[in-house]
>>> print(open('my_file-v5.cif').read())   # mmCIF, C-alpha atoms and all ligand atoms
data_protein
loop_
_atom_site.label_atom_id
_atom_site.label_comp_id
_atom_site.auth_asym_id
_atom_site.auth_seq_id
_atom_site.Cartn_x
_atom_site.Cartn_y
_atom_site.Cartn_z
CA MET A 1 174.23 85.71 -10.27
CA PHE A 2 174.66 86.71 -13.90
CA GLU A 3 172.16 84.07 -15.08
CA LYS A 4 172.48 85.49 -18.58
CA GLY A 5 176.26 85.89 -18.37
CA LEU A 6 178.39 89.02 -18.59
CA LEU A 7 180.18 90.14 -21.73
CA PHE A 8 183.76 91.40 -21.86
CA GLU A 9 184.00 95.03 -22.89
CA ASN A 10 184.02 95.25 -26.68
CA ASP A 11 187.63 96.44 -27.05
CA PHE A 12 188.89 93.88 -24.57
CA GLN A 13 187.16 91.03 -26.42
CA LYS A 14 188.73 92.20 -29.69
CA GLN A 15 192.12 92.35 -28.04
CA LEU A 16 191.69 88.78 -26.72
CA LYS A 17 190.57 87.57 -30.14
CA SER A 18 193.71 89.03 -31.70
CA GLN A 19 195.81 86.75 -29.49
CA PHE A 20 194.53 83.65 -31.30
CA TYR A 21 195.50 82.40 -34.76
CA ASN A 22 193.09 82.05 -37.68
CA VAL A 23 189.93 83.01 -35.81
CA ASP A 24 187.97 84.62 -38.64
CA ALA A 25 189.63 83.06 -41.66
CA ASP A 26 191.72 80.13 -42.77
CA PRO A 27 194.65 81.54 -44.78
CA THR A 28 194.14 78.95 -47.55
CA PHE A 29 190.43 78.19 -47.47
CA GLY A 30 189.06 81.63 -46.71
CA GLU A 31 186.74 83.32 -44.24
CA ARG A 32 185.03 81.12 -41.71
CA ILE A 33 183.37 81.24 -38.32
CA PHE A 34 185.12 78.58 -36.24
CA PHE A 35 182.45 77.17 -33.91
CA GLU A 36 184.11 73.76 -33.45
CA ASN A 37 186.21 74.50 -30.39
CA SER A 38 185.08 71.36 -28.57
CA GLY A 39 186.81 69.32 -31.26
CA GLY A 40 190.04 71.30 -30.83
CA SER A 41 190.12 74.92 -29.77
CA LEU A 42 191.51 78.01 -31.45
CA ARG A 43 195.24 78.28 -30.78
CA LEU A 44 196.86 81.00 -28.72
CA LYS A 45 199.68 82.55 -30.72
CA ALA A 46 201.82 82.63 -27.57
CA CYS A 47 201.51 78.84 -27.15
CA VAL A 48 202.49 78.03 -30.71
CA GLU A 49 205.39 80.51 -30.66
CA LYS A 50 206.68 79.34 -27.28
CA LYS A 51 206.57 75.72 -28.36
CA ALA A 52 208.60 76.56 -31.50
CA GLU A 53 211.05 78.69 -29.52
CA ILE A 54 211.79 75.94 -27.00
CA GLU A 55 211.89 73.13 -29.55
CA ALA A 56 214.73 74.99 -31.28
CA PHE A 57 217.14 73.88 -28.52
CA PRO A 58 218.58 70.36 -28.69
CA ASP A 59 219.84 70.32 -25.09
CA CYS A 60 218.85 67.45 -22.86
CA PRO A 61 217.04 68.79 -19.78
CA GLU A 62 219.00 66.30 -17.63
CA ARG A 63 222.44 67.97 -18.11
CA ILE A 64 224.30 70.61 -16.13
CA HIS A 65 224.64 73.19 -18.94
CA ALA A 66 222.89 76.52 -18.69
CA ARG A 67 220.33 75.77 -21.42
CA SER A 68 219.65 72.31 -19.98
CA LEU A 69 218.99 73.79 -16.57
CA TYR A 70 216.67 76.35 -18.12
CA LEU A 71 214.73 73.58 -19.89
CA LYS A 72 214.58 71.51 -16.73
CA GLY A 73 213.29 74.57 -14.89
CA LEU A 74 210.42 74.85 -17.39
CA VAL A 75 209.35 71.29 -16.59
CA GLU A 76 209.62 71.88 -12.84
CA THR A 77 207.78 75.19 -12.84
CA GLY A 78 205.29 73.89 -15.39
CA THR A 79 204.52 70.82 -13.26
CA LYS A 80 204.00 72.99 -10.18
CA GLU A 81 201.79 75.49 -12.01
CA ILE A 82 199.69 72.85 -13.78
CA LEU A 83 199.04 71.10 -10.48
CA GLU A 84 198.48 74.18 -8.34
CA ILE A 85 196.88 76.61 -10.74
CA ILE A 86 195.05 74.56 -13.36
CA PHE A 87 194.04 71.60 -11.19
CA GLY A 88 193.88 73.42 -7.84
CA ALA A 89 196.00 70.72 -6.13
CA LYS A 90 198.30 71.40 -3.18
CA SER A 91 199.71 67.88 -3.32
CA GLY A 92 199.62 64.87 -5.61
CA ALA A 93 201.52 64.10 -8.81
CA LEU A 94 201.35 64.94 -12.49
CA MET A 95 201.11 62.29 -15.18
CA THR A 96 201.80 63.19 -18.80
CA GLU A 97 201.10 61.23 -21.94
CA LEU A 98 200.62 61.97 -25.64
CA THR A 99 196.85 62.28 -25.21
CA ALA A 100 194.32 62.80 -22.46
CA SER A 101 192.82 59.40 -23.33
CA GLN A 102 196.12 57.70 -22.53
CA THR A 103 196.26 59.38 -19.12
CA MET A 104 192.71 58.20 -18.42
CA PHE A 105 193.54 54.58 -19.25
CA GLN A 106 196.64 54.73 -17.03
CA LEU A 107 194.76 56.33 -14.15
CA VAL A 108 191.86 53.87 -14.30
CA GLY A 109 194.29 50.95 -14.58
CA ILE A 110 196.32 51.96 -11.54
CA ILE A 111 193.21 52.33 -9.37
CA MET A 112 191.41 49.23 -10.64
CA GLU A 113 194.46 46.99 -10.19
CA ASN A 114 195.12 48.16 -6.64
CA VAL A 115 191.80 48.92 -4.98
CA PRO A 116 189.63 46.06 -3.70
CA GLY A 117 185.94 45.99 -4.57
CA LYS A 118 183.38 44.26 -6.70
CA ASN A 119 182.22 46.97 -9.10
CA ALA A 120 183.11 50.23 -10.85
CA VAL A 121 180.67 53.00 -11.74
CA VAL A 122 180.84 55.22 -14.82
CA SER A 123 178.33 57.43 -16.64
CA SER A 124 176.69 56.61 -19.96
CA ILE A 125 177.84 59.90 -21.53
CA GLU A 126 181.56 59.63 -20.88
CA HIS A 127 183.99 60.06 -23.73
CA PRO A 128 185.22 56.58 -24.81
CA SER A 129 188.53 57.16 -23.03
CA ALA A 130 186.88 56.96 -19.60
CA TYR A 131 184.07 54.57 -20.51
CA ASP A 132 186.22 52.08 -22.40
CA ALA A 133 188.97 52.21 -19.77
CA ILE A 134 186.44 51.24 -17.09
CA GLU A 135 185.06 48.44 -19.27
CA TYR A 136 188.56 47.18 -20.12
CA TYR A 137 189.69 47.08 -16.49
CA CYS A 138 186.38 45.65 -15.23
CA ASN A 139 186.90 42.77 -17.65
CA LYS A 140 190.57 42.43 -16.74
CA THR A 141 190.04 42.49 -12.97
CA GLY A 142 186.68 40.65 -12.87
CA ARG A 143 184.49 43.52 -11.65
CA GLU A 144 180.91 44.40 -12.49
CA MET A 145 180.62 47.56 -14.63
CA ARG A 146 177.74 49.82 -13.60
CA VAL A 147 176.60 52.53 -16.00
CA VAL A 148 174.70 55.61 -14.81
CA PRO A 149 171.90 56.58 -17.24
CA ALA A 150 171.72 60.18 -18.44
CA ASN A 151 168.91 62.63 -17.87
CA THR A 152 167.38 62.88 -21.36
CA LYS A 153 165.87 66.29 -20.56
CA THR A 154 169.08 68.02 -19.54
CA GLY A 155 171.71 65.90 -21.28
CA GLY A 156 173.54 65.57 -17.95
CA ILE A 157 173.98 63.07 -15.13
CA ASP A 158 171.82 63.42 -12.01
CA VAL A 159 173.44 62.98 -8.62
CA ASP A 160 170.66 60.63 -7.44
CA GLU A 161 171.25 58.29 -10.37
CA VAL A 162 174.96 58.02 -9.54
CA ILE A 163 174.25 57.39 -5.89
CA LYS A 164 171.86 54.52 -6.71
CA LEU A 165 174.77 52.57 -8.21
CA VAL A 166 177.49 53.28 -5.63
CA ASP A 167 177.89 50.91 -2.67
CA LYS A 168 180.54 49.75 -0.20
CA ASP A 169 181.97 47.43 -2.87
CA THR A 170 182.58 50.15 -5.44
CA ALA A 171 186.28 50.27 -6.33
CA LEU A 172 186.11 53.33 -8.58
CA LEU A 173 183.63 56.03 -9.58
CA SER A 174 184.32 58.02 -12.75
CA ILE A 175 182.08 60.92 -13.82
CA MET A 176 183.05 63.58 -16.34
CA SER A 177 182.94 67.24 -15.24
CA ALA A 178 181.03 68.44 -18.30
CA SER A 179 179.59 66.78 -21.39
CA ASN A 180 181.36 67.35 -24.69
CA ILE A 181 178.05 66.80 -26.50
CA SER A 182 175.43 68.71 -24.49
CA GLY A 183 177.72 71.08 -22.57
CA ASN A 184 175.96 70.06 -19.36
CA ILE A 185 178.08 70.61 -16.22
CA MET A 186 177.86 67.80 -13.64
CA ASP A 187 177.55 68.53 -9.94
CA ILE A 188 180.81 66.76 -9.09
CA LYS A 189 180.99 68.31 -5.62
CA GLU A 190 177.65 66.85 -4.62
CA ILE A 191 178.38 63.52 -6.33
CA VAL A 192 181.62 63.20 -4.33
CA ARG A 193 179.96 64.25 -1.07
CA ARG A 194 177.09 61.79 -1.36
CA ALA A 195 179.17 58.92 -2.75
CA ARG A 196 181.58 59.22 0.19
CA GLU A 197 178.65 59.10 2.61
CA ILE A 198 178.21 55.57 1.28
CA LYS A 199 181.91 54.69 1.11
CA PRO A 200 184.16 57.26 2.84
CA ASP A 201 187.38 56.17 1.15
CA LEU A 202 185.89 55.73 -2.33
CA PHE A 203 188.25 56.50 -5.23
CA ILE A 204 186.65 59.10 -7.51
CA ILE A 205 188.01 60.57 -10.75
CA SER A 206 186.71 63.03 -13.33
CA ASP A 207 187.43 63.61 -17.02
CA MET A 208 187.91 67.39 -17.22
CA VAL A 209 188.85 67.59 -20.89
CA GLN A 210 185.65 69.38 -21.85
CA HIS A 211 185.25 71.57 -18.77
CA ALA A 212 188.82 72.78 -18.10
CA PRO A 213 188.87 75.46 -20.85
CA HIS A 214 185.65 76.97 -19.53
CA CYS A 215 185.93 76.96 -15.75
CA ALA A 216 188.60 76.82 -13.04
CA MET A 217 189.15 73.31 -11.65
CA ASP A 218 189.67 72.54 -7.99
CA VAL A 219 190.49 68.91 -7.33
CA ASP A 220 191.27 69.59 -3.64
CA GLU A 221 187.95 71.27 -3.03
CA LEU A 222 186.15 68.52 -4.94
CA GLY A 223 188.10 65.75 -3.22
CA LEU A 224 189.10 63.94 -6.42
CA ASP A 225 191.74 61.24 -6.89
CA GLY A 226 192.35 62.00 -10.53
CA ALA A 227 191.42 64.46 -13.28
CA ASN A 228 192.77 65.23 -16.73
CA PHE A 229 192.77 67.83 -19.49
CA ALA A 230 194.02 68.16 -23.07
CA PRO A 231 195.84 71.40 -24.03
CA TYR A 232 194.60 71.18 -27.62
CA LYS A 233 191.06 71.77 -26.37
CA PHE A 234 192.33 74.51 -24.09
CA PHE A 235 193.78 77.19 -26.43
CA GLY A 236 196.99 75.12 -26.67
CA LEU A 237 198.53 72.34 -28.68
CA ARG A 238 198.03 68.72 -29.70
CA GLY A 239 200.42 65.99 -28.65
CA CYS A 240 200.13 65.93 -24.86
CA GLY A 241 197.64 65.11 -22.12
CA PHE A 242 197.99 66.06 -18.44
CA CYS A 243 196.53 64.26 -15.45
CA TYR A 244 196.40 65.03 -11.73
CA VAL A 245 196.95 61.98 -9.51
CA SER A 246 196.18 62.16 -5.78
CA ASP A 247 198.85 61.20 -3.21
CA ARG A 248 197.10 57.95 -2.37
CA VAL A 249 196.92 56.94 -6.04
CA ALA A 250 200.57 57.94 -6.60
CA LYS A 251 201.53 55.50 -3.83
CA PHE A 252 200.16 52.54 -5.77
CA PRO A 253 202.60 50.58 -7.94
CA HIS A 254 202.72 52.17 -11.39
CA HIS A 255 204.96 52.18 -14.47
CA LYS A 256 208.10 54.10 -13.52
CA LEU A 257 211.85 53.87 -13.60
CA LEU A 258 212.84 52.07 -10.41
CA ALA A 259 215.41 54.67 -9.43
CA LYS A 260 212.90 57.54 -9.61
CA PRO A 261 210.80 58.68 -6.64
CA GLN A 262 207.38 57.06 -6.23
CA GLU A 263 205.43 60.17 -7.30
CA VAL A 264 207.26 60.50 -10.63
CA PHE A 265 205.12 59.22 -13.51
CA GLU A 266 207.28 60.47 -16.33
CA LEU A 267 209.00 57.71 -18.29
CA GLY A 268 211.90 59.01 -20.33
CA THR A 269 213.00 62.53 -21.15
CA SER A 270 210.35 65.16 -20.58
CA ALA A 271 209.22 67.65 -23.25
CA PRO A 272 209.96 71.15 -21.83
CA ALA A 273 208.21 72.89 -24.76
CA ASN A 274 204.88 71.31 -23.80
CA PHE A 275 205.17 72.65 -20.27
CA ALA A 276 206.23 76.08 -21.53
CA ALA A 277 203.22 76.14 -23.87
CA VAL A 278 200.81 75.32 -21.03
CA MET A 279 202.34 78.11 -18.95
CA GLU A 280 201.40 80.44 -21.81
CA ILE A 281 197.78 79.29 -21.40
CA ILE A 282 198.02 80.13 -17.70
CA ASN A 283 199.61 83.53 -18.50
CA TYR A 284 196.78 84.30 -20.88
CA VAL A 285 194.02 83.41 -18.40
CA CYS A 286 195.83 85.35 -15.67
CA SER A 287 195.99 88.40 -17.94
CA ILE A 288 192.18 88.31 -18.19
CA GLY A 289 191.90 88.07 -14.41
CA GLU A 290 194.38 90.90 -13.95
CA HIS A 291 192.36 93.10 -16.29
CA TYR A 292 189.52 92.86 -13.77
CA ILE A 293 191.12 92.57 -10.34
CA GLY A 294 194.61 93.94 -10.88
CA LYS A 295 197.83 92.28 -9.76
CA LYS A 296 197.21 89.44 -7.30
CA SER A 297 198.71 85.97 -6.94
CA ARG A 298 198.76 83.87 -10.12
CA LYS A 299 196.23 81.51 -8.63
CA GLU A 300 193.81 84.35 -7.86
CA THR A 301 194.12 86.03 -11.24
CA TYR A 302 193.80 82.66 -13.00
CA ARG A 303 190.57 81.92 -11.14
CA GLU A 304 189.18 85.36 -11.90
CA GLY A 305 190.22 84.97 -15.55
CA MET A 306 188.37 81.67 -15.76
CA ARG A 307 185.33 83.16 -14.02
CA ARG A 308 185.25 85.95 -16.61
CA ILE A 309 185.70 83.47 -19.46
CA HIS A 310 182.78 81.48 -18.09
CA LEU A 311 180.57 84.56 -17.83
CA GLN A 312 181.47 85.77 -21.33
CA GLU A 313 180.66 82.31 -22.68
CA ARG A 314 177.36 82.22 -20.82
CA ALA A 315 176.42 85.57 -22.38
CA LEU A 316 177.31 84.21 -25.83
CA LEU A 317 175.28 81.07 -25.12
CA TYR A 318 172.29 83.18 -24.08
CA ARG A 319 172.54 85.23 -27.27
CA LEU A 320 172.80 82.08 -29.40
CA LEU A 321 169.63 80.74 -27.84
CA GLU A 322 167.58 83.89 -27.47
CA GLY A 323 168.97 86.25 -30.14
CA THR A 324 168.08 89.96 -30.03
CA ASP A 325 165.30 92.20 -31.30
CA GLU A 326 167.04 92.19 -34.68
CA VAL A 327 168.23 88.56 -34.96
CA LYS A 328 166.30 85.45 -33.96
CA GLY A 329 168.00 83.05 -31.55
CA LEU A 330 168.13 79.30 -32.20
CA ARG A 331 165.19 78.72 -29.86
CA HIS A 332 163.06 80.96 -32.06
CA ILE A 333 164.03 79.97 -35.59
CA ASP A 334 161.21 77.85 -37.01
CA GLY A 335 162.78 74.61 -38.26
CA VAL A 336 165.64 74.54 -35.73
CA THR A 337 165.58 72.26 -32.68
CA VAL A 338 167.90 72.78 -29.74
CA TYR A 339 168.32 69.41 -28.04
CA VAL A 340 168.47 68.88 -24.26
CA ASP A 341 167.82 72.60 -23.88
CA THR A 342 167.36 73.86 -20.33
CA GLU A 343 165.84 77.17 -19.26
CA ASP A 344 168.65 77.62 -16.74
CA ILE A 345 171.94 77.92 -18.60
CA THR A 346 174.13 78.38 -15.54
CA GLN A 347 174.95 74.66 -15.60
CA LYS A 348 176.17 74.64 -19.20
CA ASP A 349 179.45 75.16 -20.99
CA LEU A 350 179.28 77.02 -24.30
CA ILE A 351 178.05 74.09 -26.43
CA ILE A 352 174.76 73.73 -28.23
CA ALA A 353 173.46 70.46 -29.63
CA MET A 354 171.03 71.34 -32.41
CA GLY A 355 169.45 70.05 -35.58
CA ILE A 356 167.55 71.37 -38.57
CA ASP A 357 164.21 69.58 -38.83
CA GLY A 358 164.10 66.99 -41.59
CA VAL A 359 167.70 67.59 -42.71
CA ASP A 360 170.47 65.05 -42.30
CA PHE A 361 173.24 66.16 -39.88
CA THR A 362 176.08 65.47 -42.30
CA LYS A 363 174.33 67.47 -45.01
CA THR A 364 173.79 70.34 -42.56
CA VAL A 365 177.48 70.42 -41.61
CA ALA A 366 178.46 70.50 -45.30
CA GLU A 367 175.98 73.30 -45.97
CA TYR A 368 177.32 75.31 -43.03
CA GLN A 369 180.81 74.79 -44.43
CA LYS A 370 179.74 76.21 -47.82
CA ARG A 371 178.41 79.26 -45.98
CA GLY A 372 181.64 79.80 -44.07
CA VAL A 373 180.81 78.14 -40.75
CA THR A 374 182.81 75.29 -39.22
CA VAL A 375 180.70 73.08 -36.92
CA TYR A 376 180.51 69.31 -36.58
CA GLU A 377 177.95 66.58 -36.19
CA ARG A 378 177.97 64.03 -33.37
CA ILE A 379 175.90 61.13 -34.63
CA ASN A 380 175.00 57.55 -33.83
CA THR A 381 177.07 56.17 -36.72
CA SER A 382 180.33 57.50 -35.18
CA ILE A 383 182.24 55.28 -32.74
CA TYR A 384 183.00 58.36 -30.64
CA SER A 385 179.45 59.51 -30.16
CA LYS A 386 176.96 56.65 -30.77
CA ARG A 387 176.59 55.59 -27.12
CA ILE A 388 176.53 59.18 -25.91
CA VAL A 389 173.93 60.65 -28.24
CA GLU A 390 171.69 57.62 -27.74
CA ALA A 391 172.08 57.94 -23.96
CA ILE A 392 170.62 61.45 -24.11
CA GLY A 393 167.78 60.24 -26.33
CA ILE A 394 168.75 61.63 -29.72
CA GLU A 395 170.11 60.18 -32.98
CA GLY A 396 172.67 62.89 -33.32
CA ALA A 397 173.24 66.62 -33.24
CA ILE A 398 175.14 69.44 -34.82
CA ARG A 399 177.55 70.60 -32.13
CA VAL A 400 178.02 74.35 -32.05
CA SER A 401 180.92 75.38 -29.83
CA PRO A 402 182.26 78.95 -30.05
CA LEU A 403 184.99 80.23 -27.71
CA HIS A 404 185.13 83.10 -25.21
CA CYS A 405 187.18 85.22 -27.63
CA HIS A 406 184.26 85.36 -30.06
CA GLY A 407 182.07 88.43 -29.99
CA VAL A 408 178.33 89.00 -30.27
CA GLU A 409 178.79 89.93 -33.95
CA ASP A 410 180.08 86.38 -34.61
CA ILE A 411 177.03 84.92 -32.90
CA ASP A 412 174.66 87.18 -34.85
CA LYS A 413 176.37 86.28 -38.11
CA PHE A 414 175.96 82.57 -37.32
CA LEU A 415 172.28 83.08 -36.44
CA LYS A 416 171.60 84.93 -39.68
CA ILE A 417 173.35 82.21 -41.71
CA THR A 418 171.32 79.56 -39.88
CA ALA A 419 167.99 81.31 -40.48
CA GLN A 420 168.80 81.72 -44.19
CA MET A 421 169.93 78.11 -44.47
CA VAL A 422 166.68 76.84 -42.94
CA GLU A 423 164.72 78.95 -45.43
CA ASP A 424 166.76 77.59 -48.33
CA PHE A 425 166.28 74.00 -47.16
CA LYS A 426 162.51 74.61 -46.97
CA ASN A 427 162.43 76.02 -50.50
CA ASN A 428 164.41 73.20 -52.10
C1 LIG B 1 185.31 64.88 -22.74
C2 LIG B 1 186.52 64.34 -23.44
N1 LIG B 1 187.35 63.51 -22.79
C3 LIG B 1 188.45 63.02 -23.36
C4 LIG B 1 188.78 63.32 -24.65
C5 LIG B 1 190.00 62.70 -25.26
O1 LIG B 1 191.03 63.62 -25.46
P1 LIG B 1 192.31 63.17 -26.32
O2 LIG B 1 191.91 63.31 -27.74
O3 LIG B 1 193.40 64.12 -25.94
O4 LIG B 1 192.64 61.80 -25.97
C6 LIG B 1 187.94 64.16 -25.40
C7 LIG B 1 188.24 64.46 -26.81
O5 LIG B 1 187.37 64.63 -27.61
C8 LIG B 1 186.78 64.70 -24.77
O6 LIG B 1 185.95 65.52 -25.41
#
>>> encode(input="my_file-v5.cif", output="structure tokens", more="lines below")
Ligand SMILES: Cc1ncc(COP(=O)(O)O)c(C=O)c1O
Amino acid sequence: MFEKGLLFENDFQKQLKSQFYNVDADPTFGERIFFENSGGSLRLKACVEKKAEIEAFPDCPERIHARSLYLKGLVETGTKEILEIIFGAKSGALMTELTASQTMFQLVGIIMENVPGKNAVVSSIEHPSAYDAIEYYCNKTGREMRVVPANTKTGGIDVDEVIKLVDKDTALLSIMSASNISGNIMDIKEIVRRAREIKPDLFIISDMVQHAPHCAMDVDELGLDGANFAPYKFFGLRGCGFCYVSDRVAKFPHHKLLAKPQEVFELGTSAPANFAAVMEIINYVCSIGEHYIGKKSRKETYREGMRRIHLQERALLYRLLEGTDEVKGLRHIDGVTVYVDTEDITQKDLIIAMGIDGVDFTKTVAEYQKRGVTVYERINTSIYSKRIVEAIGIEGAIRVSPLHCHGVEDIDKFLKITAQMVEDFKNN
């Protein structure tokens, strides 16, 4: 259904856009189209304001005073909502760190140091946080590291390829939910189902940093033991990473204060403002859901909000690729190549990996910048992307990642700038 997506109504999209800061212009550096949301997304005003409001109070959340209790309540409600609504978990624990990468290293470490087995399986297109954590703990615990090759046509990971590497001796399987380079969405449900046919109690985790801002997560339905996200890629703020930990993982020995219950991962005083800011993300997504299905439970409106975000983004993706009668899409501009492009875009987040034929990626990014477009290159000379771009068979790519709050006029503007830029490159 909705293979080509479904746009928000025009007025509604504009109203959503107005809830983000600095969408169309940087106050110092001028007008710009910000299509670099995979590197850090546009910020919801409500998140930034809530964070500032809460940070203004010095009270320790562990005291009995009214403000302290209020702050403590934010952490408690925030923990419950992040687990239940964002992760879709009825049980389990929440781990917080300064970054999503830190949560991934912790999670991998706890599982690898406590689960018997001879190998661990990870995909070749993981962000370094998951890939390097697996390599580090394979070395530390004397396990074989098995790396699943990518499908160079789709830019994703095929279920069959994962299954070839999993056996009864696999201690941990880690596959990201969506690629931050190609936008490809992995079939985690099928991966989990088939991997557990081989080893029913296999520990399986997924990096959800890329996918969480584009689609509702459901760790219970997927049967995962761990998953994480980063608010700064999810309309929120830098400086924290959140991770779901299943009950059976929470039971393993982990860093904690001895007097605290087993499922508590927090070390030291919590940061109520971070939880309050994430609840603003949830409020925002729920408001989109409510616009379409009216007042329902927060979980239902959140899911509907995410479904609508996903459909809006698919429609924007389709327009980027195909264009309109008036404006050529990327697939049709002579001199532009869309990498790992697939006819079916229902298994993609709103990310395009593209290049301009014969033009260096870094030069292209700089030229876009001059023309008021912020995008970024992912290339094989960067420590963050070398392994990944090579795994999908390319030297690099310009990553184009708009957000659901953008409108078709932003896409058309970008397409026109791209077509003109290609012409100018040809003529110089
Ligand atoms: C897919 C994916 N996983 C993990 C991370 C790491 O997030 P953080 O910077 O919060 O550690 C990123 C950041 O780029 C990412 O794109």
>>> residues_near_ligand(input="my_file-v5.cif", ligand="ligand LIG 1 (chain B)", cutoff="6 Å", atoms="only C-alpha atoms and all ligand atoms", output="list in words")
Gly39, Thr99, Ala100, Ser101, His127, Ser129, Asn180, Asp207, Val209, Gln210, Ala230 and Gly241 of chain A
>>> residues_around(input="my_file-v5.cif", residues="Ser68 of chain A", least_positions_apart="2", cutoff="12 Å", atoms="only C-alpha atoms", output="MDAnalysis selection string")
chainID A and resid 54 57:66 70:75 269:272
>>> atom_distance(input="my_file-v5.cif", atom1="atom CA of Lys164 of chain A", atom2="atom CA of Ala195 of chain A")
9.4 Å
>>> residues_around(input="my_file-v5.cif", residues="segment 22-36 of chain A", least_positions_apart="4", cutoff="9 Å", atoms="only C-alpha atoms", output="PyMOL selection string")
chain A and resi 17-18+40-43+369+371-376+399-403+405-406+410+413-414
>>> closest_atom_pairs(input="my_file-v5.cif", of="segment 224-319 of chain A", to="segment 107-117 of chain A", cutoff="7 Å", atoms="only C-alpha atoms", output="JSON lines")
{"residue": "A:Val249", "atom": "CA", "partner": "A:Ile111", "partner_atom": "CA", "distance": 6.8}
{"residue": "A:Phe252", "atom": "CA", "partner": "A:Asn114", "partner_atom": "CA", "distance": 6.7}
{"residue": "A:His254", "atom": "CA", "partner": "A:Ile110", "partner_atom": "CA", "distance": 6.4}
>>> residues_around(input="my_file-v5.cif", residues="Ser287 of chain A", least_positions_apart="6", cutoff="10 Å", atoms="all atoms listed in the file", output="list of chain:residue names")
A:Leu16, A:Ile281, A:Ile293, A:Gly294, A:Lys295, A:Arg298, A:Thr301, A:Tyr302, A:Glu304, A:Gly305
>>> closest_atom_pairs(input="my_file-v5.cif", of="segment 162-243 of chain A", to="segment 83-91 of chain A", cutoff="8 Å", atoms="only C-alpha atoms", output="CSV")
residue,atom,partner,partner_atom,distance
A:Ala216,CA,A:Ile86,CA,6.8
A:Met217,CA,A:Phe87,CA,5.2
A:Asp218,CA,A:Gly88,CA,4.3
A:Val219,CA,A:Gly88,CA,5.7
A:Asp220,CA,A:Ala89,CA,5.5
A:Glu221,CA,A:Gly88,CA,7.9
A:Ala227,CA,A:Phe87,CA,7.9
>>> residues_around(input="my_file-v5.cif", residues="Glu313 of chain A", least_positions_apart="2", cutoff="6 Å", atoms="only C-alpha atoms", output="JSON, numbers by chain")
{"A": [310, 311, 315, 316, 350, 404]}
>>> closest_residue(input="my_file-v5.cif", among="A:Asp357, A:Asp341, A:Asp132, A:Glu144", to="Lys118 of chain A", atoms="only C-alpha atoms")
A:Glu144
>>> closest_residue(input="my_file-v5.cif", among="A:Asn119, A:Gln102, A:Ser182, A:Gln312", to="Glu3 of chain A", atoms="only C-alpha atoms")
A:Gln312
>>> atom_distance(input="my_file-v5.cif", atom1="atom CA of Phe275 of chain A", atom2="atom CA of Glu290 of chain A")
22.1 Å
>>> build_atoms(input="my_file-v5.cif", residues="segment 185-196 of chain A", atoms="N, CA and C atoms", output="PDB file, keeping the file's coordinate frame")
ATOM      1  N   ILE A 185     177.047  70.693 -17.268  1.00  0.00           N
ATOM      2  CA  ILE A 185     178.080  70.610 -16.220  1.00  0.00           C
ATOM      3  C   ILE A 185     177.544  69.721 -15.090  1.00  0.00           C
ATOM      4  N   MET A 186     178.322  68.707 -14.700  1.00  0.00           N
ATOM      5  CA  MET A 186     177.860  67.800 -13.640  1.00  0.00           C
ATOM      6  C   MET A 186     178.169  68.401 -12.264  1.00  0.00           C
ATOM      7  N   ASP A 187     177.345  68.024 -11.298  1.00  0.00           N
ATOM      8  CA  ASP A 187     177.550  68.530  -9.940  1.00  0.00           C
ATOM      9  C   ASP A 187     178.535  67.582  -9.224  1.00  0.00           C
ATOM     10  N   ILE A 188     179.798  67.700  -9.602  1.00  0.00           N
ATOM     11  CA  ILE A 188     180.810  66.760  -9.090  1.00  0.00           C
ATOM     12  C   ILE A 188     180.943  66.894  -7.565  1.00  0.00           C
ATOM     13  N   LYS A 189     180.834  68.112  -7.071  1.00  0.00           N
ATOM     14  CA  LYS A 189     180.990  68.310  -5.620  1.00  0.00           C
ATOM     15  C   LYS A 189     179.948  67.486  -4.849  1.00  0.00           C
ATOM     16  N   GLU A 190     178.728  67.562  -5.296  1.00  0.00           N
ATOM     17  CA  GLU A 190     177.650  66.850  -4.620  1.00  0.00           C
ATOM     18  C   GLU A 190     177.765  65.327  -4.844  1.00  0.00           C
ATOM     19  N   ILE A 191     178.188  64.954  -6.034  1.00  0.00           N
ATOM     20  CA  ILE A 191     178.380  63.520  -6.330  1.00  0.00           C
ATOM     21  C   ILE A 191     179.426  62.958  -5.363  1.00  0.00           C
ATOM     22  N   VAL A 192     180.536  63.680  -5.210  1.00  0.00           N
ATOM     23  CA  VAL A 192     181.620  63.200  -4.330  1.00  0.00           C
ATOM     24  C   VAL A 192     181.104  63.147  -2.880  1.00  0.00           C
ATOM     25  N   ARG A 193     180.426  64.201  -2.462  1.00  0.00           N
ATOM     26  CA  ARG A 193     179.960  64.250  -1.070  1.00  0.00           C
ATOM     27  C   ARG A 193     179.034  63.070  -0.764  1.00  0.00           C
ATOM     28  N   ARG A 194     178.071  62.847  -1.647  1.00  0.00           N
ATOM     29  CA  ARG A 194     177.090  61.790  -1.360  1.00  0.00           C
ATOM     30  C   ARG A 194     177.679  60.392  -1.555  1.00  0.00           C
ATOM     31  N   ALA A 195     178.560  60.250  -2.523  1.00  0.00           N
ATOM     32  CA  ALA A 195     179.170  58.920  -2.750  1.00  0.00           C
ATOM     33  C   ALA A 195     180.039  58.552  -1.548  1.00  0.00           C
ATOM     34  N   ARG A 196     180.720  59.535  -0.965  1.00  0.00           N
ATOM     35  CA  ARG A 196     181.580  59.220   0.190  1.00  0.00           C
ATOM     36  C   ARG A 196     180.782  59.064   1.474  1.00  0.00           C
TER      37      ARG A 196
END
